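Structure file run-v4.cif (mmCIF, C-alpha atoms and all ligand atoms) follows.
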```cif
data_start
#
loop_
_atom_site.label_atom_id
_atom_site.label_comp_id
_atom_site.auth_asym_id
_atom_site.auth_seq_id
_atom_site.Cartn_x
_atom_site.Cartn_y
_atom_site.Cartn_z
CA MET A 33 3.91 -26.67 -16.53
CA THR A 34 3.79 -26.82 -20.32
CA LYS A 35 2.30 -24.32 -22.70
CA ASP A 36 1.27 -25.28 -26.17
CA LEU A 37 0.62 -22.24 -28.32
CA LYS A 38 0.75 -24.04 -31.64
CA GLY A 39 -1.39 -26.99 -32.58
CA PHE A 40 -4.76 -27.81 -31.15
CA ARG A 41 -4.91 -31.23 -29.51
CA ASP A 42 -8.16 -33.11 -29.42
CA THR A 43 -6.99 -35.48 -26.71
CA VAL A 44 -4.43 -35.34 -23.94
CA PRO A 45 -2.77 -38.51 -22.58
CA VAL A 46 -3.03 -38.59 -18.80
CA GLU A 47 0.69 -39.35 -18.60
CA ASP A 48 1.35 -35.88 -20.08
CA ILE A 49 -0.14 -34.31 -16.97
CA LEU A 50 2.79 -33.67 -14.70
CA GLU A 51 2.93 -33.38 -10.93
CA ASP A 52 2.11 -29.67 -10.98
CA GLY A 53 -0.48 -29.99 -13.74
CA LEU A 54 -0.64 -29.21 -17.42
CA HIS A 55 -1.66 -25.87 -18.87
CA LEU A 56 -2.65 -25.68 -22.52
CA ILE A 57 -3.62 -22.62 -24.53
CA PHE A 58 -5.09 -22.88 -28.01
CA GLU A 59 -5.23 -19.89 -30.33
CA GLY A 60 -7.42 -21.83 -32.72
CA MET A 61 -9.35 -25.08 -32.60
CA PRO A 62 -9.99 -26.20 -36.16
CA GLY A 63 -12.58 -28.90 -36.71
CA LEU A 64 -14.14 -28.45 -33.27
CA LEU A 65 -17.68 -28.33 -34.63
CA SER A 66 -18.38 -30.86 -37.34
CA GLU A 67 -20.37 -30.31 -40.53
CA MET A 68 -23.24 -32.10 -38.82
CA GLU A 69 -23.72 -29.35 -36.25
CA GLU A 70 -26.52 -26.80 -36.56
CA CYS A 71 -23.98 -24.00 -36.22
CA ARG A 72 -20.38 -23.21 -37.14
CA ILE A 73 -17.46 -21.24 -35.77
CA GLN A 74 -16.57 -17.96 -37.41
CA GLY A 75 -12.85 -17.20 -37.37
CA THR A 76 -10.82 -18.85 -34.62
CA ALA A 77 -12.07 -20.26 -31.36
CA LYS A 78 -9.76 -19.76 -28.40
CA GLY A 79 -9.47 -22.30 -25.64
CA GLU A 80 -7.53 -22.85 -22.48
CA VAL A 81 -7.37 -25.79 -20.08
CA PHE A 82 -5.58 -26.53 -16.88
CA LEU A 83 -5.44 -30.23 -16.00
CA HIS A 84 -4.23 -31.75 -12.81
CA ARG A 85 -4.40 -35.19 -11.29
CA VAL A 86 -6.07 -35.78 -7.94
CA ASP A 87 -6.06 -39.39 -6.66
CA GLY A 88 -6.57 -40.96 -10.10
CA ASP A 89 -9.17 -38.39 -11.10
CA VAL A 90 -8.34 -35.51 -13.37
CA HIS A 91 -9.58 -32.03 -12.52
CA LEU A 92 -10.09 -29.81 -15.54
CA ASN A 93 -10.53 -26.05 -15.47
CA GLY A 94 -11.17 -24.55 -18.85
CA LYS A 95 -12.54 -21.69 -20.84
CA VAL A 96 -13.52 -21.17 -24.42
CA ALA A 97 -14.29 -18.08 -26.50
CA ALA A 98 -15.75 -18.25 -29.99
CA LEU A 99 -18.03 -16.48 -32.42
CA ILE A 100 -20.75 -18.86 -33.58
CA VAL A 101 -22.86 -18.56 -36.72
CA ILE A 102 -26.39 -19.91 -36.33
CA LYS A 103 -29.31 -20.03 -38.76
CA CYS A 104 -32.52 -18.39 -37.49
CA ASP A 105 -35.41 -20.86 -37.25
CA ARG A 106 -37.89 -18.19 -38.32
CA CYS A 107 -36.32 -16.15 -41.15
CA LEU A 108 -33.54 -18.64 -42.06
CA GLU A 109 -30.94 -15.86 -42.07
CA GLU A 110 -27.64 -16.47 -40.32
CA TYR A 111 -26.77 -14.52 -37.19
CA ASN A 112 -23.88 -14.47 -34.71
CA GLN A 113 -23.66 -15.42 -31.09
CA GLU A 114 -20.62 -14.69 -29.01
CA ILE A 115 -19.57 -17.44 -26.62
CA ASN A 116 -17.31 -16.88 -23.68
CA THR A 117 -17.61 -19.47 -20.97
CA SER A 118 -15.58 -21.22 -18.32
CA PHE A 119 -16.12 -24.67 -16.88
CA PHE A 120 -14.89 -27.20 -14.36
CA TYR A 121 -14.91 -30.96 -14.74
CA ILE A 122 -13.96 -33.84 -12.51
CA LEU A 123 -12.98 -36.70 -14.79
CA VAL A 124 -13.25 -40.08 -13.15
CA PRO A 125 -11.70 -43.24 -14.63
CA GLY A 126 -13.76 -46.40 -15.12
CA GLN A 127 -17.06 -46.98 -13.34
CA SER A 128 -16.62 -45.37 -9.93
CA ILE A 129 -18.69 -42.36 -10.98
CA GLU A 130 -21.77 -42.67 -8.74
CA GLY A 131 -20.13 -41.57 -5.50
CA LYS A 132 -18.39 -38.72 -7.27
CA LYS A 133 -21.66 -37.42 -8.68
CA GLU A 134 -22.79 -36.78 -5.11
CA ILE A 135 -19.85 -34.41 -4.70
CA ALA A 136 -20.95 -32.38 -7.70
CA LEU A 137 -24.56 -32.25 -6.57
CA GLY A 138 -25.66 -28.72 -5.85
CA LYS A 139 -22.72 -27.24 -7.66
CA GLU A 140 -24.21 -26.19 -10.95
CA ASP A 141 -21.02 -25.26 -12.71
CA MET A 142 -19.31 -28.56 -11.97
CA GLU A 143 -19.51 -31.60 -14.22
CA VAL A 144 -18.49 -35.14 -13.37
CA SER A 145 -17.64 -37.29 -16.39
CA LEU A 146 -16.02 -40.60 -17.09
CA TYR A 147 -12.80 -41.03 -18.98
CA ASP A 148 -11.05 -44.21 -20.08
CA GLY A 149 -8.17 -43.78 -17.64
CA ALA A 150 -5.68 -43.07 -20.42
CA GLU A 151 -6.76 -40.02 -22.41
CA ILE A 152 -8.75 -36.86 -21.76
CA GLN A 153 -11.03 -35.93 -24.66
CA ILE A 154 -10.58 -32.19 -24.38
CA GLY A 155 -11.93 -31.52 -27.90
CA GLU A 156 -15.19 -33.19 -26.91
CA ILE A 157 -15.38 -31.09 -23.73
CA PHE A 158 -14.84 -27.83 -25.64
CA ARG A 159 -17.47 -28.91 -28.17
CA GLU A 160 -19.97 -29.80 -25.44
CA GLN A 161 -19.42 -26.47 -23.68
CA ILE A 162 -19.98 -24.46 -26.87
CA LEU A 163 -23.18 -26.35 -27.72
CA LEU A 164 -24.47 -25.89 -24.15
CA GLN A 165 -24.35 -22.11 -24.65
CA ILE A 166 -26.59 -22.20 -27.72
CA PRO A 167 -30.30 -22.00 -26.93
CA LEU A 168 -32.60 -24.72 -28.30
CA ARG A 169 -34.67 -22.11 -30.07
CA HIS A 170 -32.57 -20.22 -32.63
CA VAL A 171 -33.92 -16.74 -33.27
CA CYS A 172 -31.86 -13.89 -34.70
CA ARG A 173 -33.78 -11.46 -32.46
CA GLU A 174 -36.80 -11.74 -30.19
CA ASP A 175 -39.12 -9.90 -32.57
CA CYS A 176 -37.99 -11.68 -35.75
CA LYS A 177 -41.11 -11.86 -37.92
CA GLY A 178 -39.91 -14.82 -39.98
CA ILE A 179 -41.05 -15.85 -43.42
CA CYS A 180 -44.64 -15.89 -44.68
CA PRO A 181 -45.47 -19.58 -45.24
CA THR A 182 -47.69 -18.67 -48.20
CA CYS A 183 -45.72 -16.17 -50.33
CA GLY A 184 -42.25 -16.72 -48.86
CA ALA A 185 -41.65 -13.02 -48.15
CA ASP A 186 -39.03 -12.26 -45.48
CA LEU A 187 -41.30 -10.26 -43.21
CA ASN A 188 -38.35 -8.47 -41.55
CA LYS A 189 -37.49 -6.84 -44.88
CA GLU A 190 -40.65 -6.66 -46.93
CA GLU A 191 -44.42 -6.67 -46.75
CA CYS A 192 -46.20 -9.94 -47.18
CA ARG A 193 -47.40 -10.21 -50.78
CA CYS A 194 -50.43 -12.38 -50.01
CA ARG A 195 -52.76 -9.50 -49.23
CA ALA A 196 -51.61 -7.44 -52.21
CA GLU A 197 -52.26 -10.35 -54.56
CA THR A 198 -55.78 -10.80 -53.23
CA LEU A 199 -56.48 -7.11 -53.76
CA ASN A 200 -55.17 -7.14 -57.34
CA ASN A 201 -57.06 -10.25 -58.21
CA PRO A 202 -60.21 -9.24 -60.17
CA PHE A 203 -62.03 -12.29 -58.81
CA SER A 204 -61.71 -10.96 -55.28
CA VAL A 205 -64.07 -8.18 -56.36
CA LEU A 206 -66.57 -10.76 -57.60
CA LYS A 207 -66.52 -12.44 -54.21
CA LYS A 208 -67.78 -9.27 -52.62
CA LEU A 209 -70.83 -9.11 -54.93
ZN ZN A 301 -34.80 -14.34 -37.85
ZN ZN A 302 -47.52 -13.83 -47.61
#
```

Rewrite the structure from the file as C-alpha cells, please.
Ligand SMILES: [Zn+2]
Ligand SMILES: [Zn+2]
Amino acid sequence: MTKDLKGFRDTVPVEDILEDGLHLIFEGMPGLLSEMEECRIQGTAKGEVFLHRVDGDVHLNGKVAALIVIKCDRCLEEYNQEINTSFFYILVPGQSIEGKKEIALGKEDMEVSLYDGAEIQIGEIFREQILLQIPLRHVCREDCKGICPTCGADLNKEECRCRAETLNNPFSVLKKL
C-alpha cells in the first residue's frame, strides 16, 4: 500500500496498483475544474482513492470533498455549495463492457466505465463526481428573486425601479386623463 500525500496525480498507471491495492490521498487537486466549467473550486479540494485489480478490471473506491463557487442563474451573484461524496467504479479494459453493465444494474451508486487497459484517469473521475453533485438549475436560494429584466435592479437587495419611474414620469399622469 502506498500513500501519496504530496502531488496530485491526474492519471495512475495500472502497473502501479500492487497486489494489495493502491491507496492515494490528495490534500489538494489543482486544475481539477477547467476554466470552461460553470463553477470553480474555492480553496483546496480533498480526494482519496483506493484502487485494486480484480481479474483485469480495476475497482475504484473514492471520495472527494470540495467547496464549489457557482453563479446564480437568477441574480448572477456567486454562492457556495459544499460537496462531500463517495463513489465506486468498476473500470473495464477494452470493449467487454456490456456484460459488466448488467452487474451494475440496480446498484445506483456503482458506475461501470471503460479504461484503456494502461492508465486510470482518476482526475476525470473526480471531476465527473463533482459535476454530478451540482444541480442543473443554479439558484443561490430557493426564493432568489433575481434581476428585473427591465431596470436591472437586484430584487434581493433593492426595489425594482420600473414602477417608481412610471410614477415620477409626468406623462403617466396624462395617460390617466
Ligand atoms: Zn440568486
Ligand atoms: Zn424593474

Closest of A:Thr182, A:Gln165, A:Gln153, A:Ser145 to Val81 in chain A - atom-to-atom distances counting all atoms listed in the file: A:Gln153

All residues having an atom within 10 Å of ligand ZN 302 (chain A) (all atoms listed in the file) as a ChimeraX atom specification: /A:179-187,190-197

12 Å contact set for Asp175 in chain A, only C-alpha atoms, chain neighbours under 2 positions out, as an MDAnalysis selection string: chainID A and resid 104 106:107 171:173 177:178 187:188

Between CA of Ile166 in chain A and CA of Val90 in chain A - distance in Å to one decimal: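 It comes out at 26.8 Å.
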
Set up a box along x, y and z of the file covering all listed atoms of range 107-113 of chain A, add 3 Å on every one of the six sides, and write the centre and edge lengths in Å to one decimal, as AutoDock Vina command-line options.
```
--center_x -30.0 --center_y -16.6 --center_z -36.6 --size_x 18.7 --size_y 10.2 --size_z 17.0
```

Pairwise distance for CA of Gln161 in chain A and CA of His55 in chain A, rounded to one decimal in Å: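 If I compute the distance from CA of Gln161 in chain A to CA of His55 in chain A, I get 18.4 Å.
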
Interatomic distance (Å, one decimal) between CA of Glu80 in chain A and CA of Asp148 in chain A: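 CA of Asp148 in chain A lies at a distance of 21.8 Å from CA of Glu80 in chain A.
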
Residue nearest ligand ZN 301 (chain A) among A:Asn112, A:Thr76, A:Thr43, A:Asn93 (counting all atoms listed in the file): A:Asn112

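Taking only C-alpha atoms and all ligand atoms into account, ligand ZN 301 (chain A) lies nearest to A:Glu109 out of the set A:Glu70, A:Glu156, A:Asp42, A:Glu109.
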
Nearest to Phe119 in chain A by atom-to-atom distance, counting all atoms listed in the file, from A:Gly88, A:Gly94, A:Gly75, A:Gly63: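 Checking each of A:Gly88, A:Gly94, A:Gly75, A:Gly63 against Phe119 in chain A, counting all atoms listed in the file, the winner is A:Gly94.
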
Reconstruct N, CA and C atoms of range 70-93 of chain A from the incomplete input and present them as a compact mmCIF listing (two decimals), in the coordinates of the input.
```txt
# COMPACT_ATOMS: atom_id res chain seq x y z
N GLU A 70 -25.56 -27.80 -36.10
CA GLU A 70 -26.52 -26.80 -36.56
C GLU A 70 -25.89 -25.41 -36.64
N CYS A 71 -24.64 -25.30 -36.22
CA CYS A 71 -23.98 -24.00 -36.22
C CYS A 71 -22.50 -24.20 -36.56
N ARG A 72 -21.81 -23.08 -36.85
CA ARG A 72 -20.38 -23.21 -37.14
C ARG A 72 -19.62 -22.07 -36.48
N ILE A 73 -18.30 -22.26 -36.40
CA ILE A 73 -17.46 -21.24 -35.77
C ILE A 73 -16.98 -20.28 -36.83
N GLN A 74 -17.09 -18.98 -36.53
CA GLN A 74 -16.57 -17.96 -37.41
C GLN A 74 -15.19 -17.55 -36.90
N GLY A 75 -14.20 -17.57 -37.78
CA GLY A 75 -12.85 -17.20 -37.37
C GLY A 75 -12.25 -18.28 -36.48
N THR A 76 -11.48 -17.86 -35.47
CA THR A 76 -10.82 -18.85 -34.62
C THR A 76 -11.42 -18.87 -33.23
N ALA A 77 -11.62 -20.07 -32.74
CA ALA A 77 -12.07 -20.26 -31.36
C ALA A 77 -10.82 -20.33 -30.49
N LYS A 78 -10.90 -19.71 -29.31
CA LYS A 78 -9.76 -19.76 -28.40
C LYS A 78 -10.13 -20.59 -27.19
N GLY A 79 -9.20 -21.44 -26.78
CA GLY A 79 -9.47 -22.30 -25.64
C GLY A 79 -8.29 -22.38 -24.71
N GLU A 80 -8.59 -22.72 -23.47
CA GLU A 80 -7.53 -22.85 -22.48
C GLU A 80 -7.97 -23.93 -21.48
N VAL A 81 -7.06 -24.81 -21.13
CA VAL A 81 -7.37 -25.79 -20.08
C VAL A 81 -6.21 -25.91 -19.11
N PHE A 82 -6.59 -26.15 -17.87
CA PHE A 82 -5.58 -26.53 -16.88
C PHE A 82 -6.01 -27.88 -16.31
N LEU A 83 -5.14 -28.87 -16.45
CA LEU A 83 -5.44 -30.23 -16.00
C LEU A 83 -4.54 -30.57 -14.83
N HIS A 84 -5.11 -31.15 -13.81
CA HIS A 84 -4.23 -31.75 -12.81
C HIS A 84 -4.84 -32.99 -12.20
N ARG A 85 -3.96 -33.89 -11.80
CA ARG A 85 -4.40 -35.19 -11.29
C ARG A 85 -4.62 -35.14 -9.79
N VAL A 86 -5.75 -35.70 -9.37
CA VAL A 86 -6.07 -35.78 -7.94
C VAL A 86 -6.54 -37.19 -7.66
N ASP A 87 -5.71 -38.00 -7.02
CA ASP A 87 -6.06 -39.39 -6.66
C ASP A 87 -6.68 -40.18 -7.82
N GLY A 88 -6.05 -40.18 -8.96
CA GLY A 88 -6.57 -40.96 -10.10
C GLY A 88 -7.61 -40.23 -10.92
N ASP A 89 -8.26 -39.23 -10.32
CA ASP A 89 -9.17 -38.39 -11.10
C ASP A 89 -8.36 -37.29 -11.77
N VAL A 90 -8.98 -36.68 -12.76
CA VAL A 90 -8.34 -35.51 -13.37
C VAL A 90 -9.29 -34.33 -13.21
N HIS A 91 -8.80 -33.25 -12.63
CA HIS A 91 -9.58 -32.03 -12.52
C HIS A 91 -9.25 -31.12 -13.70
N LEU A 92 -10.29 -30.63 -14.34
CA LEU A 92 -10.09 -29.81 -15.54
C LEU A 92 -10.78 -28.47 -15.37
N ASN A 93 -10.00 -27.40 -15.43
CA ASN A 93 -10.53 -26.05 -15.47
C ASN A 93 -10.33 -25.54 -16.88
```
